[in-house]
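Participant: Structure file structure35.pdb (PDB, C-alpha atoms) right here:
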ATOM      1  CA  MET A 158     111.496  84.732  79.217  1.00  0.00           C
ATOM      2  CA  THR A 159     112.378  88.164  80.535  1.00  0.00           C
ATOM      3  CA  MET A 160     113.934  90.609  78.102  1.00  0.00           C
ATOM      4  CA  HIS A 161     115.292  93.074  80.652  1.00  0.00           C
ATOM      5  CA  PRO A 162     115.387  91.450  84.083  1.00  0.00           C
ATOM      6  CA  LEU A 163     115.311  93.691  87.138  1.00  0.00           C
ATOM      7  CA  LYS A 164     118.781  93.908  88.674  1.00  0.00           C
ATOM      8  CA  GLN A 165     118.388  95.476  92.064  1.00  0.00           C
ATOM      9  CA  THR A 166     119.846  94.686  95.439  1.00  0.00           C
ATOM     10  CA  GLY A 167     117.670  97.014  97.528  1.00  0.00           C
ATOM     11  CA  SER A 168     115.874 100.314  97.790  1.00  0.00           C
ATOM     12  CA  TYR A 169     115.693 102.945 100.507  1.00  0.00           C
ATOM     13  CA  ILE A 170     113.111 105.432 101.666  1.00  0.00           C
ATOM     14  CA  LEU A 171     114.842 108.526 103.003  1.00  0.00           C
ATOM     15  CA  LEU A 172     112.824 110.855 105.210  1.00  0.00           C
ATOM     16  CA  TYR A 173     114.029 114.426 105.699  1.00  0.00           C
ATOM     17  CA  ARG A 174     112.882 117.394 107.769  1.00  0.00           C
ATOM     18  CA  VAL A 175     113.193 120.926 106.427  1.00  0.00           C
ATOM     19  CA  GLU A 176     114.807 123.146 109.048  1.00  0.00           C
ATOM     20  CA  GLY A 177     115.270 126.909 109.255  1.00  0.00           C
ATOM     21  CA  GLY A 178     117.095 128.400 106.317  1.00  0.00           C
ATOM     22  CA  GLY A 179     115.976 125.627 103.987  1.00  0.00           C
ATOM     23  CA  HIS A 180     118.448 123.035 105.294  1.00  0.00           C
ATOM     24  CA  LEU A 181     117.497 119.356 105.220  1.00  0.00           C
ATOM     25  CA  LYS A 182     118.034 117.041 108.169  1.00  0.00           C
ATOM     26  CA  LEU A 183     117.948 113.265 107.612  1.00  0.00           C
ATOM     27  CA  LEU A 184     115.475 111.619 109.992  1.00  0.00           C
ATOM     28  CA  HIS A 185     115.175 108.037 108.753  1.00  0.00           C
ATOM     29  CA  ARG A 186     116.676 105.667 106.231  1.00  0.00           C
ATOM     30  CA  THR A 187     114.437 102.637 105.809  1.00  0.00           C
ATOM     31  CA  THR A 188     115.608  99.650 103.751  1.00  0.00           C
ATOM     32  CA  VAL A 189     113.105  98.033 101.385  1.00  0.00           C
ATOM     33  CA  ASP A 190     114.143  94.747  99.732  1.00  0.00           C
ATOM     34  CA  ASP A 191     110.980  93.778  97.849  1.00  0.00           C
ATOM     35  CA  GLY A 192     111.308  95.856  94.687  1.00  0.00           C
ATOM     36  CA  PRO A 193     111.786  99.350  93.340  1.00  0.00           C
ATOM     37  CA  ILE A 194     109.954 102.268  94.907  1.00  0.00           C
ATOM     38  CA  LEU A 195     108.359 104.197  92.045  1.00  0.00           C
ATOM     39  CA  ALA A 196     105.601 106.112  93.853  1.00  0.00           C
ATOM     40  CA  LEU A 197     105.172 107.833  97.240  1.00  0.00           C
ATOM     41  CA  ALA A 198     102.207 109.803  98.580  1.00  0.00           C
ATOM     42  CA  HIS A 199     100.980 111.405 101.812  1.00  0.00           C
ATOM     43  CA  PHE A 200      97.988 109.468 103.161  1.00  0.00           C
ATOM     44  CA  GLU A 201      96.143 110.454 106.364  1.00  0.00           C
ATOM     45  CA  GLY A 202      99.324 111.498 108.185  1.00  0.00           C
ATOM     46  CA  ARG A 203     101.221 108.423 106.987  1.00  0.00           C
ATOM     47  CA  LEU A 204     103.290 107.477 103.953  1.00  0.00           C
ATOM     48  CA  LEU A 205     101.798 105.346 101.179  1.00  0.00           C
ATOM     49  CA  ALA A 206     104.476 103.692  99.041  1.00  0.00           C
ATOM     50  CA  GLY A 207     104.323 101.654  95.870  1.00  0.00           C
ATOM     51  CA  VAL A 208     106.998  99.011  96.431  1.00  0.00           C
ATOM     52  CA  GLY A 209     107.304  96.699  93.442  1.00  0.00           C
ATOM     53  CA  ASN A 210     103.907  95.082  92.937  1.00  0.00           C
ATOM     54  CA  SER A 211     102.617  95.899  96.418  1.00  0.00           C
ATOM     55  CA  LEU A 212     101.205  98.959  98.141  1.00  0.00           C
ATOM     56  CA  ARG A 213     102.414  99.701 101.683  1.00  0.00           C
ATOM     57  CA  LEU A 214     101.320 102.096 104.384  1.00  0.00           C
ATOM     58  CA  TYR A 215     104.130 103.309 106.654  1.00  0.00           C
ATOM     59  CA  GLU A 216     104.098 105.273 109.895  1.00  0.00           C
ATOM     60  CA  MET A 217     106.988 107.239 111.339  1.00  0.00           C
ATOM     61  CA  GLY A 218     108.885 105.467 114.105  1.00  0.00           C
ATOM     62  CA  LYS A 219     111.843 106.539 116.219  1.00  0.00           C
ATOM     63  CA  ARG A 220     114.572 104.969 114.063  1.00  0.00           C
ATOM     64  CA  GLN A 221     112.831 103.984 110.830  1.00  0.00           C
ATOM     65  CA  LEU A 222     109.469 103.841 109.100  1.00  0.00           C
ATOM     66  CA  LEU A 223     107.129 101.166 110.479  1.00  0.00           C
ATOM     67  CA  ARG A 224     105.039  99.081 108.084  1.00  0.00           C
ATOM     68  CA  LYS A 225     101.383  99.285 109.187  1.00  0.00           C
ATOM     69  CA  CYS A 226      99.607  97.385 106.404  1.00  0.00           C
ATOM     70  CA  GLU A 227     100.194  96.117 102.906  1.00  0.00           C
ATOM     71  CA  LEU A 228      98.228  95.216  99.781  1.00  0.00           C
ATOM     72  CA  ARG A 229     100.053  92.546  97.782  1.00  0.00           C
ATOM     73  CA  GLY A 230      99.383  90.959  94.445  1.00  0.00           C
ATOM     74  CA  LEU A 231      99.102  93.915  92.089  1.00  0.00           C
ATOM     75  CA  PRO A 232      99.852  92.727  88.525  1.00  0.00           C
ATOM     76  CA  THR A 233     103.018  94.766  87.898  1.00  0.00           C
ATOM     77  CA  PHE A 234     104.878  97.674  89.473  1.00  0.00           C
ATOM     78  CA  VAL A 235     103.000 100.582  91.048  1.00  0.00           C
ATOM     79  CA  LYS A 236     103.881 103.538  88.800  1.00  0.00           C
ATOM     80  CA  THR A 237     101.657 106.439  89.948  1.00  0.00           C
ATOM     81  CA  LEU A 238      99.911 107.188  93.210  1.00  0.00           C
ATOM     82  CA  GLN A 239      97.495 109.909  94.345  1.00  0.00           C
ATOM     83  CA  THR A 240      95.317 110.110  97.439  1.00  0.00           C
ATOM     84  CA  VAL A 241      92.154 111.869  98.562  1.00  0.00           C
ATOM     85  CA  GLY A 242      90.428 111.184 101.897  1.00  0.00           C
ATOM     86  CA  ASP A 243      90.561 107.443 102.593  1.00  0.00           C
ATOM     87  CA  ARG A 244      91.043 106.554  98.896  1.00  0.00           C
ATOM     88  CA  ALA A 245      94.146 106.050  96.814  1.00  0.00           C
ATOM     89  CA  PHE A 246      94.278 105.986  93.026  1.00  0.00           C
ATOM     90  CA  VAL A 247      97.022 103.498  92.124  1.00  0.00           C
ATOM     91  CA  GLY A 248      98.424 103.429  88.582  1.00  0.00           C
ATOM     92  CA  ASP A 249      99.926 100.121  87.567  1.00  0.00           C
ATOM     93  CA  MET A 250     102.714  99.970  85.003  1.00  0.00           C
ATOM     94  CA  MET A 251     100.799  97.615  82.655  1.00  0.00           C
ATOM     95  CA  GLN A 252      97.245  97.140  83.977  1.00  0.00           C
ATOM     96  CA  SER A 253      95.801 100.661  84.384  1.00  0.00           C
ATOM     97  CA  ILE A 254      94.208 102.153  87.523  1.00  0.00           C
ATOM     98  CA  ARG A 255      92.951 100.642  90.754  1.00  0.00           C
ATOM     99  CA  ILE A 256      91.035 102.557  93.393  1.00  0.00           C
ATOM    100  CA  VAL A 257      92.028 101.432  96.879  1.00  0.00           C
ATOM    101  CA  ARG A 258      90.333 102.318 100.160  1.00  0.00           C
ATOM    102  CA  TYR A 259      91.849 102.175 103.631  1.00  0.00           C
ATOM    103  CA  GLU A 260      89.659 100.597 106.321  1.00  0.00           C
ATOM    104  CA  THR A 261      90.801 101.986 109.655  1.00  0.00           C
ATOM    105  CA  SER A 262      88.755  99.554 111.742  1.00  0.00           C
ATOM    106  CA  HIS A 263      90.482  96.500 110.194  1.00  0.00           C
ATOM    107  CA  ASN A 264      93.757  98.272 109.326  1.00  0.00           C
ATOM    108  CA  ARG A 265      93.786  97.037 105.729  1.00  0.00           C
ATOM    109  CA  LEU A 266      93.813  98.297 102.167  1.00  0.00           C
ATOM    110  CA  VAL A 267      90.915  97.082  99.999  1.00  0.00           C
ATOM    111  CA  VAL A 268      90.549  97.380  96.213  1.00  0.00           C
ATOM    112  CA  LEU A 269      87.282  99.199  95.432  1.00  0.00           C
ATOM    113  CA  ALA A 270      87.504  99.133  91.650  1.00  0.00           C
ATOM    114  CA  SER A 271      89.891  98.408  88.821  1.00  0.00           C
ATOM    115  CA  ASP A 272      89.881  99.421  85.177  1.00  0.00           C
ATOM    116  CA  PRO A 273      89.058  96.407  82.940  1.00  0.00           C
ATOM    117  CA  CYS A 274      90.995  97.862  79.976  1.00  0.00           C
ATOM    118  CA  PRO A 275      94.785  97.443  80.316  1.00  0.00           C
ATOM    119  CA  ARG A 276      96.692 100.698  79.934  1.00  0.00           C
ATOM    120  CA  MET A 277     100.385 101.426  80.390  1.00  0.00           C
ATOM    121  CA  ILE A 278      99.949 104.360  82.761  1.00  0.00           C
ATOM    122  CA  VAL A 279     102.510 107.163  82.541  1.00  0.00           C
ATOM    123  CA  SER A 280     100.666 109.914  84.430  1.00  0.00           C
ATOM    124  CA  GLN A 281      97.414 110.525  86.259  1.00  0.00           C
ATOM    125  CA  GLU A 282      95.537 113.439  87.767  1.00  0.00           C
ATOM    126  CA  MET A 283      92.524 113.322  90.049  1.00  0.00           C
ATOM    127  CA  LEU A 284      89.648 115.452  88.850  1.00  0.00           C
ATOM    128  CA  ASP A 285      87.345 114.903  91.840  1.00  0.00           C
ATOM    129  CA  TRP A 286      86.517 112.317  94.527  1.00  0.00           C
ATOM    130  CA  ASN A 287      85.424 109.665  91.976  1.00  0.00           C
ATOM    131  CA  THR A 288      87.161 110.698  88.745  1.00  0.00           C
ATOM    132  CA  VAL A 289      90.728 110.396  87.499  1.00  0.00           C
ATOM    133  CA  ALA A 290      92.327 111.353  84.172  1.00  0.00           C
ATOM    134  CA  VAL A 291      95.118 109.047  82.991  1.00  0.00           C
ATOM    135  CA  GLY A 292      97.679 109.252  80.224  1.00  0.00           C
ATOM    136  CA  ASP A 293      99.261 106.137  78.803  1.00  0.00           C
ATOM    137  CA  LYS A 294     102.476 105.277  77.009  1.00  0.00           C
ATOM    138  CA  PHE A 295     100.904 105.729  73.574  1.00  0.00           C
ATOM    139  CA  GLY A 296      99.661 109.289  74.158  1.00  0.00           C
ATOM    140  CA  CYS A 297      96.026 108.390  74.817  1.00  0.00           C
ATOM    141  CA  ILE A 298      94.131 110.232  77.530  1.00  0.00           C
ATOM    142  CA  SER A 299      91.254 108.524  79.357  1.00  0.00           C
ATOM    143  CA  ILE A 300      88.810 109.774  81.963  1.00  0.00           C
ATOM    144  CA  LEU A 301      87.857 107.064  84.461  1.00  0.00           C
ATOM    145  CA  ARG A 302      84.970 107.494  86.888  1.00  0.00           C
ATOM    146  CA  LEU A 303      83.824 105.315  89.762  1.00  0.00           C
ATOM    147  CA  PRO A 304      80.005 105.026  89.692  1.00  0.00           C
ATOM    148  CA  GLU A 305      78.091 106.289  92.723  1.00  0.00           C
TER
END
Write the structure described by the file as structure tokens, please.

Facilitator:
Amino acid sequence: MTMHPLKQTGSYILLYRVEGGGHLKLLHRTTVDDGPILALAHFEGRLLAGVGNSLRLYEMGKRQLLRKCELRGLPTFVKTLQTVGDRAFVGDMMQSIRIVRYETSHNRLVVLASDPCPRMIVSQEMLDWNTVAVGDKFGCISILRLPE
């Protein structure tokens, strides 16, 4: 039983370029049909997007964004997203944080670690390469650290 089912026909990623005088010029409009886009982040010269319960890496093409790789099967929607180096800290709407690493040689996203305690993540902030502070729906703040 779903209390509030998702009613969505499609989402779009719009890519703009800032020109002289602060004017915006539309470069791309990419259609995404797999769920809502709640998080976007710059990642090694590409765009990392949380699309529904998957994480996608896009590259700029001539007419639209090109999907390079994808990590599927996250428990619920990707809510927050921050990157540093080849790592991404992915905040799930119901199941806390996952640390994801991009392997360039195999062109894939791999989950390095996930928080065993479920938290309804509202916000996150990276403190350093291995540490992230998260705030949940109930006002609790947690510091999560990946062991060396």

Participant: Written as a PyMOL selection string, which residues does the PyMOL selection byres ((chain A and resi 279) around 8) give for the file shown?

Facilitator: chain A and resi 236-237+250+277-278+280-281+291-294

Participant: Starting from the PyMOL selection byres ((chain A and resi 240) around 12), expand the selection into actual residues of this file and give them as a PyMOL selection string.

Facilitator: chain A and resi 196-206+237-239+241-248+255-259+281-289

Participant: Mind pulling up the distance from atom CA of A:Gln252 to atom CA of A:Pro275?

Facilitator: 4.4 Å

Participant: Please provide the set of residues having any atom within 9 Å of A:Arg229, restricted to all atoms listed in the file, with same-chain residues fewer than 6 positions apart removed, written as a PyMOL selection string.

Facilitator: chain A and resi 210-213

Participant: From the set A:Ala290, A:Ile170, A:Ile298, A:Val175, which residue has the shortest atom-to-atom contact distance to A:Gly207, counting all atoms listed in the file?

Facilitator: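 Using all atoms listed in the file, the shortest distance to A:Gly207 belongs to A:Ile170.
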
Participant: Using the chain letters and numbers from the file, which residues does the PyMOL selection byres ((chain A and resi 218) around 12) grab, as a PyMOL selection string?

Facilitator: chain A and resi 172+184-187+203-204+215-217+219-225

Participant: In Å, how far is it from atom CA of A:Leu303 to atom CA of A:Leu269?

Facilitator: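 Separation of atom CA of A:Leu303 and atom CA of A:Leu269: 9.0 Å.
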
Participant: Which is closest to A:Asp272 among A:Ile300, A:Phe295, A:Glu305, A:Glu260, if we use only C-alpha atoms?

Facilitator: A:Ile300

Participant: Please report the interatomic distance between atom CA of A:Pro273 and atom CA of A:Ile194 in Å with one decimal.

Facilitator: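 The value is 24.8 Å.
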
Participant: Write out as a count of residues only which residues come within 9 Å of A:Gly192 when counting all atoms listed in the file, dropping same-chain ones fewer than 6 positions away.

Facilitator: 10

Participant: What are the centre and the three edge lengths of an axis-aligned box that wraps all atoms of stretch 288-300 of chain A in the file, given that 4 Å is added to every side, written as lines of an AutoDock Vina configuration file and rounded to one decimal in Å?

Facilitator:
center_x = 94.8
center_y = 108.3
center_z = 81.2
size_x = 23.3
size_y = 14.1
size_z = 23.2
